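Next comes data-v9.cif, with mmCIF, C-alpha atoms and all ligand atoms.
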```
data_start
loop_
_atom_site.group_PDB
_atom_site.id
_atom_site.type_symbol
_atom_site.label_atom_id
_atom_site.label_comp_id
_atom_site.auth_asym_id
_atom_site.auth_seq_id
_atom_site.Cartn_x
_atom_site.Cartn_y
_atom_site.Cartn_z
ATOM 1 C CA MET A 1 -82.729 -100.087 -191.629
ATOM 2 C CA SER A 2 -85.637 -97.631 -191.469
ATOM 3 C CA GLY A 3 -85.092 -94.176 -189.950
ATOM 4 C CA GLU A 4 -87.226 -95.057 -186.934
ATOM 5 C CA ALA A 5 -85.340 -98.304 -186.309
ATOM 6 C CA GLU A 6 -82.007 -96.493 -186.678
ATOM 7 C CA HIS A 7 -83.205 -93.892 -184.202
ATOM 8 C CA LEU A 8 -84.267 -96.533 -181.681
ATOM 9 C CA ARG A 9 -81.004 -98.392 -182.057
ATOM 10 C CA ALA A 10 -79.057 -95.202 -181.306
ATOM 11 C CA TYR A 11 -81.007 -94.859 -178.059
ATOM 12 C CA VAL A 12 -80.484 -98.490 -177.097
ATOM 13 C CA GLU A 13 -76.743 -98.153 -177.708
ATOM 14 C CA TYR A 14 -76.683 -94.935 -175.723
ATOM 15 C CA PHE A 15 -78.316 -96.549 -172.712
ATOM 16 C CA ARG A 16 -76.078 -99.604 -173.037
ATOM 17 C CA ASP A 17 -73.100 -97.304 -172.843
ATOM 18 C CA LEU A 18 -74.556 -95.953 -169.612
ATOM 19 C CA GLY A 19 -74.766 -99.517 -168.324
ATOM 20 C CA VAL A 20 -78.522 -99.916 -168.817
ATOM 21 C CA HIS A 21 -79.103 -103.281 -170.424
ATOM 22 C CA ASP A 22 -82.585 -104.191 -169.290
ATOM 23 C CA PHE A 23 -85.287 -101.971 -170.702
ATOM 24 C CA TYR A 24 -88.138 -103.815 -169.039
ATOM 25 C CA ARG A 25 -89.862 -103.007 -165.810
ATOM 26 C CA ARG A 26 -90.654 -106.324 -164.210
ATOM 27 C CA GLY A 27 -87.231 -107.880 -164.163
ATOM 28 C CA GLU A 28 -88.300 -110.403 -166.765
ATOM 29 C CA PRO A 29 -85.519 -111.557 -169.035
ATOM 30 C CA VAL A 30 -85.563 -109.880 -172.414
ATOM 31 C CA VAL A 31 -86.331 -112.308 -175.221
ATOM 32 C CA GLU A 32 -83.063 -112.855 -177.031
ATOM 33 C CA ALA A 33 -82.958 -113.793 -180.682
ATOM 34 C CA SER A 34 -81.717 -117.253 -179.677
ATOM 35 C CA ALA A 35 -84.778 -117.718 -177.493
ATOM 36 C CA VAL A 36 -87.052 -117.439 -180.506
ATOM 37 C CA GLU A 37 -88.122 -120.869 -181.567
ATOM 38 C CA GLN A 38 -88.898 -121.986 -185.049
ATOM 39 C CA VAL A 39 -92.175 -123.830 -184.977
ATOM 40 C CA SER A 40 -94.422 -124.949 -187.752
ATOM 41 C CA ALA A 41 -97.353 -122.713 -188.636
ATOM 42 C CA PRO A 42 -100.071 -125.114 -187.430
ATOM 43 C CA VAL A 43 -98.272 -125.322 -184.062
ATOM 44 C CA ALA A 44 -98.100 -121.547 -183.896
ATOM 45 C CA GLU A 45 -101.798 -121.293 -184.610
ATOM 46 C CA ALA A 46 -102.536 -123.801 -181.846
ATOM 47 C CA LEU A 47 -100.653 -121.817 -179.214
ATOM 48 C CA PRO A 48 -102.690 -119.741 -176.742
ATOM 49 C CA VAL A 49 -102.701 -116.189 -178.058
ATOM 50 C CA THR A 50 -101.775 -114.504 -174.776
ATOM 51 C CA ALA A 51 -98.849 -116.783 -174.019
ATOM 52 C CA HIS A 52 -97.412 -116.960 -177.509
ATOM 53 C CA PRO A 53 -98.636 -114.084 -179.638
ATOM 54 C CA VAL A 54 -97.891 -114.478 -183.307
ATOM 55 C CA PRO A 55 -96.527 -111.144 -184.551
ATOM 56 C CA GLU A 56 -99.424 -109.318 -186.176
ATOM 57 C CA LYS A 57 -97.705 -108.494 -189.420
ATOM 58 C CA VAL A 58 -96.560 -112.094 -190.072
ATOM 59 C CA ALA A 59 -98.929 -113.761 -192.471
ATOM 60 C CA VAL A 60 -99.050 -117.425 -191.514
ATOM 61 C CA PRO A 61 -99.561 -119.558 -194.609
ATOM 62 C CA SER A 62 -101.541 -122.731 -194.259
ATOM 63 C CA SER A 63 -98.729 -124.935 -195.597
ATOM 64 C CA ALA A 64 -97.527 -127.338 -192.892
ATOM 65 C CA GLU A 65 -93.872 -127.002 -194.052
ATOM 66 C CA HIS A 66 -93.769 -123.259 -193.557
ATOM 67 C CA VAL A 67 -92.163 -122.082 -190.335
ATOM 68 C CA VAL A 68 -92.796 -118.895 -188.404
ATOM 69 C CA ALA A 69 -90.846 -117.349 -185.537
ATOM 70 C CA VAL A 70 -92.730 -116.917 -182.258
ATOM 71 C CA PRO A 71 -91.343 -115.654 -178.975
ATOM 72 C CA VAL A 72 -91.160 -118.352 -176.285
ATOM 73 C CA ARG A 73 -92.625 -116.084 -173.631
ATOM 74 C CA PRO A 74 -95.041 -113.156 -173.613
ATOM 75 C CA ALA A 75 -93.517 -109.786 -174.450
ATOM 76 C CA PRO A 76 -92.480 -108.009 -171.246
ATOM 77 C CA THR A 77 -93.991 -104.611 -170.444
ATOM 78 C CA PRO A 78 -91.717 -101.792 -171.621
ATOM 79 C CA ILE A 79 -90.758 -99.128 -169.084
ATOM 80 C CA SER A 80 -92.557 -96.497 -171.071
ATOM 81 C CA SER A 81 -95.727 -97.011 -173.009
ATOM 82 C CA SER A 82 -95.166 -94.260 -175.551
ATOM 83 C CA ARG A 83 -92.114 -93.249 -177.531
ATOM 84 C CA SER A 84 -92.506 -89.579 -176.670
ATOM 85 C CA GLU A 85 -92.717 -90.336 -172.938
ATOM 86 C CA PHE A 86 -89.498 -92.319 -173.287
ATOM 87 C CA LEU A 87 -87.653 -89.586 -175.142
ATOM 88 C CA GLU A 88 -89.141 -86.674 -173.277
ATOM 89 C CA PRO A 89 -89.139 -87.529 -169.584
ATOM 90 C CA PRO A 90 -91.622 -85.311 -167.750
ATOM 91 C CA ASN A 91 -88.798 -83.664 -165.768
ATOM 92 C CA LEU A 92 -87.097 -82.393 -168.914
ATOM 93 C CA LYS A 93 -88.257 -78.792 -168.691
ATOM 94 C CA LEU A 94 -87.573 -76.155 -171.285
ATOM 95 C CA VAL A 95 -85.349 -73.500 -169.679
ATOM 96 C CA SER A 96 -84.202 -70.347 -171.461
ATOM 97 C CA PHE A 97 -80.457 -69.798 -171.849
ATOM 98 C CA ASN A 98 -80.907 -66.749 -169.608
ATOM 99 C CA ASN A 99 -82.136 -68.951 -166.781
ATOM 100 C CA LEU A 100 -79.700 -71.820 -167.252
ATOM 101 C CA ALA A 101 -76.758 -70.109 -165.569
ATOM 102 C CA PRO A 102 -75.820 -66.682 -164.213
ATOM 103 C CA LEU A 103 -74.291 -64.287 -166.700
ATOM 104 C CA PRO A 104 -70.505 -63.937 -166.576
ATOM 105 C CA GLU A 105 -69.522 -61.094 -164.302
ATOM 106 C CA LYS A 106 -67.256 -59.431 -166.806
ATOM 107 C CA ARG A 107 -66.555 -59.459 -170.497
ATOM 108 C CA MET A 108 -63.671 -61.643 -171.584
ATOM 109 C CA VAL A 109 -61.013 -59.659 -173.439
ATOM 110 C CA ALA A 110 -60.887 -60.438 -177.157
ATOM 111 C CA ALA A 111 -57.372 -61.865 -176.947
ATOM 112 C CA ASP A 112 -58.497 -64.608 -174.519
ATOM 113 C CA ARG A 113 -61.487 -65.783 -176.513
ATOM 114 C CA PRO A 114 -59.872 -68.168 -179.019
ATOM 115 C CA ALA A 115 -58.221 -70.132 -176.207
ATOM 116 C CA ALA A 116 -61.449 -70.127 -174.178
ATOM 117 C CA LEU A 117 -63.328 -71.552 -177.157
ATOM 118 C CA ARG A 118 -60.634 -74.194 -177.659
ATOM 119 C CA ALA A 119 -61.035 -75.169 -174.007
ATOM 120 C CA ILE A 120 -64.781 -75.686 -174.542
ATOM 121 C CA GLN A 121 -64.021 -77.805 -177.596
ATOM 122 C CA GLU A 122 -61.583 -79.882 -175.560
ATOM 123 C CA GLU A 123 -64.183 -80.311 -172.848
ATOM 124 C CA ILE A 124 -66.606 -81.630 -175.451
ATOM 125 C CA GLY A 125 -63.940 -84.082 -176.603
ATOM 126 C CA ASP A 126 -65.210 -87.135 -178.441
ATOM 127 C CA CYS A 127 -68.596 -86.576 -176.820
ATOM 128 C CA THR A 128 -70.906 -89.469 -175.917
ATOM 129 C CA ARG A 129 -73.230 -87.500 -173.655
ATOM 130 C CA CYS A 130 -76.314 -87.986 -175.814
ATOM 131 C CA PRO A 131 -77.631 -90.554 -178.287
ATOM 132 C CA LEU A 132 -76.498 -88.552 -181.318
ATOM 133 C CA ALA A 133 -72.982 -89.836 -180.643
ATOM 134 C CA TYR A 134 -74.239 -93.283 -181.662
ATOM 135 C CA ALA A 135 -76.431 -92.267 -184.559
ATOM 136 C CA GLY A 136 -73.867 -92.240 -187.343
ATOM 137 C CA ARG A 137 -72.064 -89.030 -186.488
ATOM 138 C CA HIS A 138 -68.758 -88.445 -188.289
ATOM 139 C CA LYS A 139 -67.629 -85.075 -186.985
ATOM 140 C CA ILE A 140 -68.669 -82.921 -184.063
ATOM 141 C CA VAL A 141 -69.545 -79.519 -185.497
ATOM 142 C CA PHE A 142 -68.334 -76.964 -182.975
ATOM 143 C CA ALA A 143 -68.747 -73.573 -184.684
ATOM 144 C CA ASP A 144 -67.240 -71.273 -187.256
ATOM 145 C CA GLY A 145 -66.331 -67.600 -187.387
ATOM 146 C CA ASP A 146 -64.964 -64.726 -185.395
ATOM 147 C CA PRO A 147 -64.564 -65.396 -181.644
ATOM 148 C CA SER A 148 -65.262 -61.688 -181.084
ATOM 149 C CA ALA A 149 -68.166 -61.346 -183.490
ATOM 150 C CA ARG A 150 -70.863 -58.790 -182.775
ATOM 151 C CA LEU A 151 -73.394 -61.067 -184.446
ATOM 152 C CA MET A 152 -73.988 -64.765 -183.887
ATOM 153 C CA PHE A 153 -76.247 -67.064 -185.898
ATOM 154 C CA VAL A 154 -77.618 -70.169 -184.226
ATOM 155 C CA GLY A 155 -79.088 -72.978 -186.314
ATOM 156 C CA GLU A 156 -80.574 -76.333 -185.404
ATOM 157 C CA GLY A 157 -77.949 -78.991 -186.013
ATOM 158 C CA PRO A 158 -75.493 -80.223 -188.627
ATOM 159 C CA GLY A 159 -76.668 -81.856 -191.824
ATOM 160 C CA ALA A 160 -74.738 -84.331 -193.963
ATOM 161 C CA ASP A 161 -72.275 -81.776 -195.389
ATOM 162 C CA GLU A 162 -71.573 -80.275 -191.988
ATOM 163 C CA ASP A 163 -71.140 -83.744 -190.462
ATOM 164 C CA ALA A 164 -68.598 -84.590 -193.168
ATOM 165 C CA GLN A 165 -66.658 -81.324 -192.930
ATOM 166 C CA GLY A 166 -66.999 -80.534 -189.227
ATOM 167 C CA LEU A 167 -68.189 -76.986 -189.976
ATOM 168 C CA PRO A 168 -71.655 -75.464 -189.589
ATOM 169 C CA PHE A 169 -73.743 -74.309 -192.530
ATOM 170 C CA VAL A 170 -71.543 -75.460 -195.389
ATOM 171 C CA GLY A 171 -74.245 -77.240 -197.427
ATOM 172 C CA LYS A 172 -77.070 -75.718 -199.494
ATOM 173 C CA ALA A 173 -78.641 -74.016 -196.474
ATOM 174 C CA GLY A 174 -75.180 -72.707 -195.644
ATOM 175 C CA GLN A 175 -74.832 -71.137 -199.087
ATOM 176 C CA LEU A 176 -78.091 -69.327 -198.541
ATOM 177 C CA LEU A 177 -76.963 -68.242 -195.065
ATOM 178 C CA ASN A 178 -73.744 -66.895 -196.615
ATOM 179 C CA ASN A 179 -75.870 -64.907 -199.073
ATOM 180 C CA MET A 180 -78.022 -63.597 -196.239
ATOM 181 C CA ILE A 181 -74.889 -62.509 -194.350
ATOM 182 C CA GLY A 182 -73.562 -60.911 -197.548
ATOM 183 C CA ALA A 183 -76.833 -59.059 -198.072
ATOM 184 C CA MET A 184 -76.372 -57.570 -194.604
ATOM 185 C CA GLY A 185 -73.058 -56.133 -195.794
ATOM 186 C CA LEU A 186 -71.019 -58.608 -193.722
ATOM 187 C CA LYS A 187 -68.659 -61.476 -194.470
ATOM 188 C CA ARG A 188 -69.102 -64.944 -193.030
ATOM 189 C CA GLU A 189 -65.728 -64.585 -191.246
ATOM 190 C CA GLN A 190 -67.085 -61.564 -189.354
ATOM 191 C CA VAL A 191 -69.911 -63.449 -187.653
ATOM 192 C CA TYR A 192 -69.992 -66.506 -185.398
ATOM 193 C CA ILE A 193 -72.083 -69.502 -186.450
ATOM 194 C CA ALA A 194 -73.139 -72.384 -184.219
ATOM 195 C CA ASN A 195 -75.998 -74.812 -183.725
ATOM 196 C CA ILE A 196 -78.218 -76.062 -180.915
ATOM 197 C CA VAL A 197 -76.741 -79.557 -181.293
ATOM 198 C CA LYS A 198 -73.236 -80.303 -182.479
ATOM 199 C CA CYS A 199 -73.863 -83.739 -183.951
ATOM 200 C CA ARG A 200 -75.986 -84.607 -186.936
ATOM 201 C CA PRO A 201 -79.397 -85.996 -186.072
ATOM 202 C CA PRO A 202 -79.997 -89.048 -188.285
ATOM 203 C CA GLY A 203 -81.955 -88.238 -191.420
ATOM 204 C CA ASN A 204 -81.750 -84.545 -190.461
ATOM 205 C CA ARG A 205 -84.600 -84.970 -188.015
ATOM 206 C CA THR A 206 -85.244 -82.318 -185.370
ATOM 207 C CA PRO A 207 -83.064 -82.868 -182.301
ATOM 208 C CA GLU A 208 -84.884 -84.559 -179.435
ATOM 209 C CA PRO A 209 -85.247 -82.472 -176.253
ATOM 210 C CA VAL A 210 -82.769 -84.676 -174.394
ATOM 211 C CA GLU A 211 -80.197 -84.113 -177.150
ATOM 212 C CA ALA A 212 -80.749 -80.362 -177.330
ATOM 213 C CA THR A 213 -80.680 -79.841 -173.581
ATOM 214 C CA THR A 214 -77.585 -82.016 -173.171
ATOM 215 C CA CYS A 215 -75.720 -80.049 -175.822
ATOM 216 C CA SER A 216 -76.985 -76.616 -174.721
ATOM 217 C CA GLN A 217 -74.419 -76.272 -171.941
ATOM 218 C CA PHE A 218 -71.673 -75.927 -174.548
ATOM 219 C CA LEU A 219 -73.482 -73.447 -176.767
ATOM 220 C CA LEU A 220 -74.203 -71.397 -173.661
ATOM 221 C CA LYS A 221 -70.486 -71.346 -172.813
ATOM 222 C CA GLN A 222 -69.646 -70.355 -176.404
ATOM 223 C CA ILE A 223 -72.117 -67.480 -176.252
ATOM 224 C CA ASP A 224 -70.651 -66.365 -172.924
ATOM 225 C CA VAL A 225 -67.142 -66.341 -174.412
ATOM 226 C CA VAL A 226 -68.008 -64.623 -177.695
ATOM 227 C CA GLN A 227 -70.513 -62.314 -175.968
ATOM 228 C CA PRO A 228 -72.139 -61.176 -179.189
ATOM 229 C CA GLU A 229 -74.282 -58.080 -179.087
ATOM 230 C CA PHE A 230 -76.800 -59.727 -181.394
ATOM 231 C CA ILE A 231 -77.998 -63.270 -181.934
ATOM 232 C CA VAL A 232 -80.177 -64.445 -184.805
ATOM 233 C CA ALA A 233 -82.044 -67.662 -184.060
ATOM 234 C CA LEU A 234 -82.504 -69.513 -187.328
ATOM 235 C CA GLY A 235 -85.787 -71.390 -187.172
ATOM 236 C CA SER A 236 -87.974 -72.649 -184.410
ATOM 237 C CA THR A 237 -85.589 -75.194 -182.842
ATOM 238 C CA ALA A 238 -82.982 -72.511 -182.184
ATOM 239 C CA ALA A 239 -85.631 -70.088 -180.912
ATOM 240 C CA THR A 240 -87.255 -72.714 -178.693
ATOM 241 C CA TYR A 241 -84.097 -73.700 -176.856
ATOM 242 C CA LEU A 242 -82.428 -70.280 -176.696
ATOM 243 C CA LEU A 243 -85.561 -68.596 -175.385
ATOM 244 C CA GLY A 244 -87.038 -71.533 -173.498
ATOM 245 C CA VAL A 245 -90.437 -71.094 -175.109
ATOM 246 C CA LYS A 246 -92.363 -73.163 -177.572
ATOM 247 C CA GLN A 247 -94.102 -70.628 -179.764
ATOM 248 C CA SER A 248 -94.776 -70.266 -183.456
ATOM 249 C CA LEU A 249 -92.157 -68.364 -185.431
ATOM 250 C CA ALA A 250 -94.871 -65.899 -186.365
ATOM 251 C CA GLY A 251 -95.265 -65.049 -182.690
ATOM 252 C CA LEU A 252 -91.522 -64.633 -182.149
ATOM 253 C CA ARG A 253 -90.425 -62.766 -185.275
ATOM 254 C CA GLY A 254 -90.398 -59.004 -185.679
ATOM 255 C CA ARG A 255 -89.417 -58.148 -182.104
ATOM 256 C CA TRP A 256 -86.406 -58.271 -179.846
ATOM 257 C CA HIS A 257 -85.785 -60.929 -177.250
ATOM 258 C CA SER A 258 -82.894 -61.218 -174.841
ATOM 259 C CA CYS A 259 -80.319 -63.986 -174.586
ATOM 260 C CA ARG A 260 -77.196 -63.935 -172.417
ATOM 261 C CA GLY A 261 -76.869 -60.159 -172.645
ATOM 262 C CA ALA A 262 -77.429 -60.116 -176.414
ATOM 263 C CA LYS A 263 -80.414 -58.846 -178.346
ATOM 264 C CA LEU A 264 -81.947 -61.826 -180.078
ATOM 265 C CA ALA A 265 -84.035 -61.828 -183.253
ATOM 266 C CA VAL A 266 -85.824 -64.832 -184.712
ATOM 267 C CA THR A 267 -86.058 -65.573 -188.410
ATOM 268 C CA TYR A 268 -86.716 -68.461 -190.749
ATOM 269 C CA HIS A 269 -84.172 -71.238 -191.086
ATOM 270 C CA PRO A 270 -82.372 -71.078 -194.467
ATOM 271 C CA ALA A 271 -83.404 -74.694 -195.175
ATOM 272 C CA PHE A 272 -87.017 -73.605 -194.808
ATOM 273 C CA LEU A 273 -86.385 -70.678 -197.152
ATOM 274 C CA LEU A 274 -84.979 -73.094 -199.726
ATOM 275 C CA ARG A 275 -88.223 -75.053 -199.521
ATOM 276 C CA ASP A 276 -90.423 -71.960 -199.569
ATOM 277 C CA PRO A 277 -88.527 -69.095 -201.268
ATOM 278 C CA ARG A 278 -91.606 -66.850 -201.022
ATOM 279 C CA GLN A 279 -90.703 -66.346 -197.347
ATOM 280 C CA LYS A 280 -87.327 -64.808 -198.237
ATOM 281 C CA ALA A 281 -88.864 -61.334 -198.232
ATOM 282 C CA GLU A 282 -90.064 -61.907 -194.671
ATOM 283 C CA ALA A 283 -86.614 -63.140 -193.597
ATOM 284 C CA TRP A 284 -85.090 -60.062 -195.186
ATOM 285 C CA LYS A 285 -87.360 -57.893 -193.010
ATOM 286 C CA ASP A 286 -85.976 -59.698 -189.939
ATOM 287 C CA LEU A 287 -82.399 -59.142 -191.079
ATOM 288 C CA GLN A 288 -83.096 -55.489 -191.768
ATOM 289 C CA MET A 289 -84.358 -55.126 -188.205
ATOM 290 C CA VAL A 290 -81.013 -56.556 -187.043
ATOM 291 C CA MET A 291 -79.000 -54.344 -189.408
ATOM 292 C CA LYS A 292 -80.762 -51.231 -188.204
ATOM 293 C CA GLU A 293 -80.025 -52.042 -184.575
ATOM 294 C CA MET A 294 -76.417 -52.887 -185.404
ATOM 295 C CA GLY A 295 -76.001 -49.570 -187.197
ATOM 296 C CA LEU A 296 -75.378 -51.266 -190.541
ATOM 297 C CA LYS A 297 -76.482 -49.534 -193.699
ATOM 298 C CA VAL A 298 -79.931 -50.714 -194.655
ATOM 299 C CA PRO A 299 -80.462 -50.362 -198.419
ATOM 300 C CA SER A 300 -83.207 -47.874 -199.222
ATOM 301 C CA LYS A 301 -86.200 -49.109 -201.150
ATOM 302 C CA GLY A 302 -86.399 -48.795 -204.848
HETATM 303 N N1 LIG B 1 -78.801 -76.632 -190.722
HETATM 304 C C1 LIG B 1 -78.481 -76.228 -189.469
HETATM 305 O O1 LIG B 1 -79.364 -75.947 -188.662
HETATM 306 N N2 LIG B 1 -77.211 -76.139 -189.156
HETATM 307 C C2 LIG B 1 -76.239 -76.432 -189.980
HETATM 308 O O2 LIG B 1 -75.077 -76.321 -189.590
HETATM 309 C C3 LIG B 1 -76.576 -76.822 -191.283
HETATM 310 C C4 LIG B 1 -77.865 -76.934 -191.631
#
```

Let me see the file written as structure tokens.
Amino acid sequence: MSGEAEHLRAYVEYFRDLGVHDFYRRGEPVVEASAVEQVSAPVAEALPVTAHPVPEKVAVPSSAEHVVAVPVRPAPTPISSSRSEFLEPPNLKLVSFNNLAPLPEKRMVAADRPAALRAIQEEIGDCTRCPLAYAGRHKIVFADGDPSARLMFVGEGPGADEDAQGLPFVGKAGQLLNNMIGAMGLKREQVYIANIVKCRPPGNRTPEPVEATTCSQFLLKQIDVVQPEFIVALGSTAATYLLGVKQSLAGLRGRWHSCRGAKLAVTYHPAFLLRDPRQKAEAWKDLQMVMKEMGLKVPSKG
């Protein structure tokens, strides 16, 4: 099945699970496979085009024996005329994490954080809140690292390795992230790593807005439990949803933003750096900005 078809099927299954079975506006019965008749090509050609459209991509040979499938009634009008309108309802507004919920009144003591994070994980359960649950997910990737970390990294969503292991950033991009953390003079176990979405988008595509906004509530709770002093948004998906703005990375890098009481910096996603290693120097500048603010030793030039 093609990626697009797989994607569509995940959405159909998602809506079915919600009890939506009829995707058509006018109450007309959906054409079932059994309602497709096999008729001979000359008959198909003779049918009025509007009542019985022959699918455009089906080449109808002239041979009288050859059969072609035609729907018995005209295709009903879909609810939404464009895919993006369907996946991005107009009321799905981008809201920064700061504006999604009030900040917690007080800091949770370190000793309570592991249990609080476990409670969030239990709340997520075997999640079916968004279509990614039906798109071939194996494991829900909650997070990894120190529940009291000063620094949190937020990526986009799990890839194949993360989906198999249930841990974020364990594939090739994860190795590079580990190196980046190491270059900052830290260990992976000292930071907290999470993603905008906790389930793998099929084919590693960018999460759809409905998926990201559905999942955000849990990342927000994780941030409020860990209460890092610093957050690094890895790539534009993380920056977009954490900050609630759709801007180029160039416009967001090199300065401080705020997120849930933390100072947030934006840098390139490690997967992007693997594709374009020339940008590593730029990413290093971003990390040095973070190190300086954290009071970590920034290596002198030379
Ligand atoms: N890319 C991400 O954004 N997150 C992961 O966990 C792995 C790859």

By how many Å are CA of Met294 in chain A and CA of Ala239 in chain A apart?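 Here the two named atoms are 20.0 Å from each other.
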
So what do you get for CA of Pro207 in chain A versus CA of Gly171 in chain A, distance-wise?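 Atom-to-atom, CA of Pro207 in chain A and CA of Gly171 in chain A are spaced 18.4 Å apart.
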
Got a sec: who's within 10 Å of range 105-107 of chain A, counting only C-alpha atoms, leaving out chain neighbours fewer than 6 positions off, as JSON, numbers by chain? {"A": [224, 225, 226, 227]}

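Proximity to Leu117 in chain A was assessed for A:Ile196, A:Leu186, A:Ala143, A:Ala238 counting only C-alpha atoms; the smallest distance is recorded for A:Ala143.
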
Calculated over only C-alpha atoms and all ligand atoms, which of the candidates A:Pro201, A:Gly261, A:Pro131, A:Pro209 has the smallest distance to ligand LIG 1 (chain B)? A:Pro201

Do you know which residues the PyMOL selection byres (((not hetatm)) within 9 of (chain B and resi 1)) returns on this file, as a ChimeraX atom specification? /A:141,143,154-163,167-174,193-198,200,204,234-235,237-238,269-271

Of the listed residues A:Ala101, A:Leu249, A:Ala265, A:Leu274, that which approaches Phe230 in chain A most closely, counting all atoms listed in the file: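 Result for the nearest residue to Phe230 in chain A: A:Ala265.
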
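You will find CA of Phe218 in chain A at 20.7 Å from CA of Pro202 in chain A.
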
For Thr240 in chain A, the nearest of the candidates A:Phe97, A:Leu177, A:Arg260, A:Glu4, counting all atoms listed in the file: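 Checking each of A:Phe97, A:Leu177, A:Arg260, A:Glu4 against Thr240 in chain A, counting all atoms listed in the file, the winner is A:Phe97.
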
With all atoms listed in the file counted, which protein, DNA or RNA residues have an atom no more than 12 Å from (-93.9, -67.4, -181.6) in the file frame? Please answer as a tab-separated table (two decimals) with C-alpha atoms, in the frame of the given file.
```tsv
chain	number	residue	atom	x	y	z
A	235	GLY	CA	-85.79	-71.39	-187.17
A	236	SER	CA	-87.97	-72.65	-184.41
A	237	THR	CA	-85.59	-75.19	-182.84
A	239	ALA	CA	-85.63	-70.09	-180.91
A	240	THR	CA	-87.26	-72.71	-178.69
A	243	LEU	CA	-85.56	-68.60	-175.38
A	244	GLY	CA	-87.04	-71.53	-173.50
A	245	VAL	CA	-90.44	-71.09	-175.11
A	246	LYS	CA	-92.36	-73.16	-177.57
A	247	GLN	CA	-94.10	-70.63	-179.76
A	248	SER	CA	-94.78	-70.27	-183.46
A	249	LEU	CA	-92.16	-68.36	-185.43
A	250	ALA	CA	-94.87	-65.90	-186.36
A	251	GLY	CA	-95.26	-65.05	-182.69
A	252	LEU	CA	-91.52	-64.63	-182.15
A	253	ARG	CA	-90.42	-62.77	-185.28
A	254	GLY	CA	-90.40	-59.00	-185.68
A	255	ARG	CA	-89.42	-58.15	-182.10
A	256	TRP	CA	-86.41	-58.27	-179.85
A	257	HIS	CA	-85.78	-60.93	-177.25
A	265	ALA	CA	-84.04	-61.83	-183.25
A	266	VAL	CA	-85.82	-64.83	-184.71
A	267	THR	CA	-86.06	-65.57	-188.41
A	268	TYR	CA	-86.72	-68.46	-190.75
```

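Applied to the file shown here, the PyMOL selection byres (((chain A and resi 94) around 8) and not hetatm) selects the residues Leu92, Lys93, Val95, Ser96, Tyr241, Gly244 and Val245 of chain A.
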
Keeping only C-alpha atoms, take the residues you just selected and write them out as a short mmCIF file (atom, residue, chain, number, x, y, z; two decimals), in the frame of the given file.
```cif
data_model
loop_
_atom_site.label_atom_id
_atom_site.label_comp_id
_atom_site.auth_asym_id
_atom_site.auth_seq_id
_atom_site.Cartn_x
_atom_site.Cartn_y
_atom_site.Cartn_z
CA LEU A 92 -87.10 -82.39 -168.91
CA LYS A 93 -88.26 -78.79 -168.69
CA VAL A 95 -85.35 -73.50 -169.68
CA SER A 96 -84.20 -70.35 -171.46
CA TYR A 241 -84.10 -73.70 -176.86
CA GLY A 244 -87.04 -71.53 -173.50
CA VAL A 245 -90.44 -71.09 -175.11
#
```

What box, with edges along x, y and z, holds each listed atom of range 267-278 of chain A when 4 Å is added on every side, and can you state its centre and edge lengths in Å to one decimal, as AutoDock Vina command-line options?
```
--center_x -87.0 --center_y -70.3 --center_z -194.8 --size_x 17.2 --size_y 17.5 --size_z 20.9
```

List every protein, DNA or RNA residue that has at least one atom no more than 9 Å from (-68.6, -82.1, -176.4) in the file's coordinates, counting all atoms listed in the file, and write the result as a PyMOL selection string. chain A and resi 120-129+140+142+198+215+218
